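Q: Here you go, this is structure.tsv (TSV, C-alpha atoms).
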chain	number	residue	atom	x	y	z
O	5	MET	CA	-43.75	-8.62	16.87
O	6	GLU	CA	-44.41	-10.18	13.53
O	7	ASN	CA	-41.26	-8.54	12.18
O	8	LEU	CA	-39.12	-10.21	14.83
O	9	GLN	CA	-40.77	-13.54	14.28
O	10	CYS	CA	-40.19	-13.19	10.55
O	11	LEU	CA	-36.53	-12.29	11.17
O	12	PHE	CA	-35.91	-15.34	13.33
O	13	ASN	CA	-37.77	-17.68	11.04
O	14	ASN	CA	-36.31	-16.42	7.75
O	15	PHE	CA	-32.73	-15.58	8.88
O	16	PRO	CA	-30.14	-18.12	7.68
O	17	TRP	CA	-28.83	-19.07	11.13
O	18	ASP	CA	-27.01	-22.10	9.88
O	19	ILE	CA	-24.87	-20.04	7.48
O	20	PHE	CA	-24.27	-17.39	10.15
O	21	LEU	CA	-23.11	-19.93	12.71
O	22	PHE	CA	-21.10	-21.81	10.08
O	23	TRP	CA	-18.97	-18.69	9.45
O	24	PHE	CA	-19.15	-16.96	12.80
O	25	ILE	CA	-17.80	-19.76	15.02
O	26	PRO	CA	-14.66	-20.53	12.91
O	27	LEU	CA	-13.94	-16.83	12.53
O	28	LEU	CA	-14.27	-16.37	16.27
O	29	LEU	CA	-11.90	-19.31	16.89
O	30	LEU	CA	-9.44	-17.91	14.34
O	31	ALA	CA	-9.55	-14.48	16.02
O	32	LEU	CA	-8.85	-16.08	19.42
O	33	LEU	CA	-5.96	-18.09	17.97
O	34	LEU	CA	-4.42	-14.98	16.39
O	35	TRP	CA	-4.84	-13.02	19.64
O	36	TRP	CA	-3.09	-15.82	21.56
O	37	LEU	CA	-0.21	-16.05	19.04
O	38	LEU	CA	0.30	-12.28	18.97
O	39	ASN	CA	0.25	-12.12	22.76
O	40	LYS	CA	2.85	-14.91	22.89
O	41	LYS	CA	5.01	-13.12	20.29
O	42	VAL	CA	4.80	-9.84	22.23
O	43	LYS	CA	5.99	-11.58	25.40
O	44	THR	CA	8.88	-13.14	23.49
O	45	LEU	CA	9.83	-9.74	22.07
O	46	GLU	CA	9.65	-8.17	25.52
O	47	ILE	CA	12.07	-10.81	26.86
O	48	TYR	CA	14.38	-10.27	23.88
O	49	ASN	CA	14.19	-6.51	24.38
O	50	ALA	CA	15.12	-6.92	28.06
O	51	GLU	CA	18.11	-9.10	27.08
O	52	LEU	CA	19.23	-6.52	24.53
O	53	HIS	CA	18.85	-3.77	27.11
O	54	ASP	CA	21.06	-5.73	29.53
O	55	ARG	CA	23.62	-6.36	26.76
O	56	ILE	CA	23.66	-2.65	25.86
O	57	LYS	CA	24.25	-1.70	29.51
O	58	PHE	CA	27.12	-4.23	29.71
O	59	LEU	CA	28.70	-2.94	26.49
O	60	GLU	CA	28.34	0.67	27.65
O	61	SER	CA	30.12	-0.18	30.90
O	62	GLU	CA	32.89	-1.94	28.90
O	63	LEU	CA	33.19	1.13	26.66
O	64	ASP	CA	33.46	3.41	29.69
O	65	ALA	CA	36.17	1.17	31.12
O	66	CYS	CA	38.06	1.30	27.80
O	67	ARG	CA	37.74	5.07	27.68
O	68	LYS	CA	39.12	5.34	31.22
O	69	THR	CA	42.00	3.03	30.27
O	70	ARG	CA	42.70	5.07	27.15
O	71	ILE	CA	42.71	8.28	29.17
O	72	SER	CA	45.04	6.76	31.79
O	73	VAL	CA	47.38	5.50	29.04
O	74	ALA	CA	47.36	8.93	27.43
O	75	VAL	CA	48.27	10.50	30.78
O	76	GLU	CA	51.27	8.16	31.30
O	77	PRO	CA	54.60	9.72	30.32
O	78	SER	CA	55.99	8.88	26.91
O	79	PRO	CA	59.24	6.86	26.54
O	80	ILE	CA	61.04	9.98	25.29
O	81	THR	CA	60.05	11.95	28.39
O	82	THR	CA	60.98	9.02	30.61
O	83	ALA	CA	64.37	8.66	28.89
O	84	ALA	CA	65.09	12.39	29.25
O	85	THR	CA	64.10	12.30	32.92
O	86	SER	CA	66.29	9.22	33.47
O	87	ILE	CA	69.32	10.91	31.88
O	88	VAL	CA	68.86	13.98	34.05
O	89	ALA	CA	68.46	11.77	37.13
O	90	GLY	CA	71.63	9.85	36.23
O	91	VAL	CA	69.92	6.54	35.47
O	92	THR	CA	70.65	4.81	32.19
O	93	PRO	CA	67.46	4.44	30.14
O	94	GLN	CA	66.32	1.03	28.90
O	95	PRO	CA	66.23	0.82	25.11
O	96	VAL	CA	62.76	0.66	23.58
O	97	VAL	CA	62.51	-2.56	21.58
O	98	PRO	CA	60.08	-2.33	18.67
O	99	PRO	CA	57.72	-5.27	18.24
O	100	PRO	CA	58.95	-7.86	15.73
O	101	VAL	CA	57.77	-7.67	12.15
O	102	LYS	CA	55.75	-10.80	11.53
O	103	ASP	CA	55.79	-12.82	8.34
O	104	ASP	CA	52.77	-14.83	7.30
O	105	LEU	CA	54.02	-18.25	8.35
O	106	LYS	CA	50.87	-19.84	6.92
O	107	ILE	CA	52.52	-19.58	3.50
O	108	VAL	CA	54.58	-22.60	4.53
O	109	GLU	CA	52.70	-25.74	3.47
O	110	GLY	CA	51.46	-27.54	6.59
O	111	ILE	CA	51.29	-24.48	8.86
O	112	GLY	CA	47.84	-23.15	9.63
O	113	PRO	CA	46.62	-20.29	11.84
O	114	LYS	CA	46.83	-22.28	15.08
O	115	ILE	CA	50.37	-23.52	14.43
O	116	GLU	CA	51.42	-20.01	13.44
O	117	GLU	CA	50.01	-18.80	16.77
O	118	LEU	CA	52.00	-21.51	18.61
O	119	PHE	CA	55.21	-20.48	16.85
O	120	ASN	CA	54.55	-16.80	17.60
O	121	LYS	CA	54.15	-17.66	21.29
O	122	ALA	CA	57.47	-19.50	21.08
O	123	GLY	CA	59.14	-16.38	19.62
O	124	ILE	CA	59.17	-17.43	15.95
O	125	TYR	CA	57.70	-14.60	13.89
O	126	THR	CA	59.61	-14.51	10.61
O	127	PHE	CA	60.64	-16.85	7.83
O	128	ALA	CA	64.28	-16.32	8.86
O	129	GLN	CA	63.55	-17.43	12.44
O	130	LEU	CA	61.58	-20.42	11.18
O	131	ALA	CA	64.36	-21.37	8.75
O	132	ASP	CA	66.91	-21.25	11.59
O	133	THR	CA	64.73	-23.40	13.87
O	134	SER	CA	65.45	-27.11	13.83
O	135	SER	CA	62.67	-29.53	13.02
O	136	GLY	CA	63.24	-31.08	16.46
O	137	ARG	CA	62.49	-27.73	18.14
O	138	MET	CA	59.39	-27.31	15.97
O	139	LYS	CA	58.23	-30.82	16.88
O	140	GLU	CA	58.81	-29.99	20.55
O	141	ILE	CA	56.58	-26.89	20.25
O	142	LEU	CA	53.89	-28.97	18.56
O	143	ASP	CA	54.13	-31.75	21.15
O	144	LYS	CA	53.71	-29.28	24.02
O	145	ALA	CA	50.52	-27.96	22.38
O	146	GLY	CA	48.76	-31.30	22.68
O	147	SER	CA	47.82	-34.37	20.73
O	148	ARG	CA	45.95	-32.33	18.14
O	149	PHE	CA	49.25	-30.88	16.90
O	150	GLN	CA	51.47	-33.93	17.38
O	151	ILE	CA	50.38	-35.43	14.05
O	152	HIS	CA	52.08	-32.65	12.05
O	153	ASP	CA	55.45	-33.27	10.45
O	154	PRO	CA	57.69	-30.15	10.40
O	155	THR	CA	60.62	-31.71	8.50
O	156	THR	CA	60.14	-29.53	5.37
O	157	TRP	CA	59.04	-26.33	7.11
O	158	ALA	CA	62.52	-24.90	7.68
O	159	ASP	CA	63.46	-25.44	4.02
O	160	GLN	CA	60.21	-23.85	2.85
O	161	ALA	CA	60.77	-20.91	5.19
O	162	ALA	CA	64.32	-20.50	3.84
O	163	MET	CA	62.94	-20.27	0.30
O	164	ALA	CA	60.37	-17.71	1.42
O	165	ARG	CA	63.05	-15.76	3.31
O	166	ASP	CA	65.25	-15.69	0.19
O	167	GLY	CA	62.35	-14.66	-2.06
O	168	LYS	CA	62.38	-17.86	-4.13
O	169	TRP	CA	58.62	-17.87	-4.51
O	170	ASP	CA	58.47	-19.80	-7.81
O	171	GLU	CA	60.63	-22.63	-6.47
O	172	LEU	CA	58.63	-22.67	-3.24
O	173	LYS	CA	55.33	-22.88	-5.11
O	174	LYS	CA	56.63	-25.68	-7.33
O	175	TRP	CA	57.86	-27.65	-4.31
O	176	GLN	CA	54.64	-27.06	-2.39
O	177	ASP	CA	52.67	-28.50	-5.31
O	178	GLU	CA	54.59	-31.74	-4.77
O	179	LEU	CA	54.00	-31.73	-0.98
O	180	TYR	CA	50.92	-32.92	0.86
O	181	LYS	CA	50.28	-30.94	4.07
O	182	GLY	CA	53.99	-30.19	4.37
O	183	LYS	CA	55.04	-33.81	3.92
O	184	LEU	CA	56.94	-35.36	1.02
Would you kindly transcribe this structure into structure tokens?
A:
Amino acid sequence: MENLQCLFNNFPWDIFLFWFIPLLLLALLLWWLLNKKVKTLEIYNAELHDRIKFLESELDACRKTRISVAVEPSPITTAATSIVAGVTPQPVVPPPVKDDLKIVEGIGPKIEELFNKAGIYTFAQLADTSSGRMKEILDKAGSRFQIHDPTTWADQAAMARDGKWDELKKWQDELYKGKL
């Protein structure tokens, strides 16, 4: 009994409580933060799982499409069958070879896309297109494109078509966004 009384009387309770209570609060705070982080990771994991399932279904659909395309008859087989059946085959038109129209000062990726949709793929086609037609294409695309001035684009495209790269570069150094 005296040993217990001595322990309670001589034990530094103030130091014990001074360290024990903050450490206990810190442990509770860490437990709460970790629990919150685990819940966040579980939600993120569920979202990733859903995304993976979606992408797997898209991949399966692409594989089925690829298999169905591979099963379709080739143009050569179709042409041979058409000749035997007495039907004249339609000529296979290769896709146009595209030039990088962005080389022309003032044409960016979006304008190049607009011209491609309008059937202008090469420097030769751009050089043969009037500035009025180019302006019409830009006007149809909206107010964002109406500020562009295509007056020099055909001449620049003609230089690029003819391979006059040095002259084109020199002229483009004098231009500002395709304008004189």
Q: Which neighbours of O:Ala145 fall inside 10 Å, counting all atoms listed in the file, when residues of the same chain fewer than 4 positions from it are skipped, and could you give them as a list in words?
A: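 The neighbour list is Lys114, Ile115, Leu118, Lys139, Glu140, Ile141, Phe149 and Gln150 of chain O.
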Q: Check the smallest atom-to-atom distance from each of O:Glu109, O:Ser147, O:Thr156, O:Asp132 to O:Asp177 using all atoms listed in the file, then report the winner.
A: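 Ranking O:Glu109, O:Ser147, O:Thr156, O:Asp132 by distance to O:Asp177, first place goes to O:Glu109.
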Q: For O:Trp157, which residue out of O:Lys144, O:Lys106, O:Lys174, O:His53 is the nearest one, using all atoms listed in the file?
A: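 Under the stated criterion, the closest residue is O:Lys106.
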Q: Between atom CA of O:Ala164 and atom CA of O:Leu179, what is the spacing in Å?
A: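 Going from atom CA of O:Leu179 over to atom CA of O:Ala164 covers 15.6 Å.
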Q: Can you work out the spacing between atom CA of O:Thr126 and atom CA of O:Leu172 in Å, to one decimal?
A: 16.1 Å
Q: Near O:Ile151, within 10 Å and counting all atoms listed in the file, which residues show up once chain neighbours fewer than 5 positions away are dropped, as number ranges by chain?
A: O: 139, 142-143, 146
Q: How far is it from atom CA of O:Gly110 to atom CA of O:Gln160, in Å with one decimal?
A: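 According to the coordinates, atom CA of O:Gly110 and atom CA of O:Gln160 are separated by 10.2 Å.
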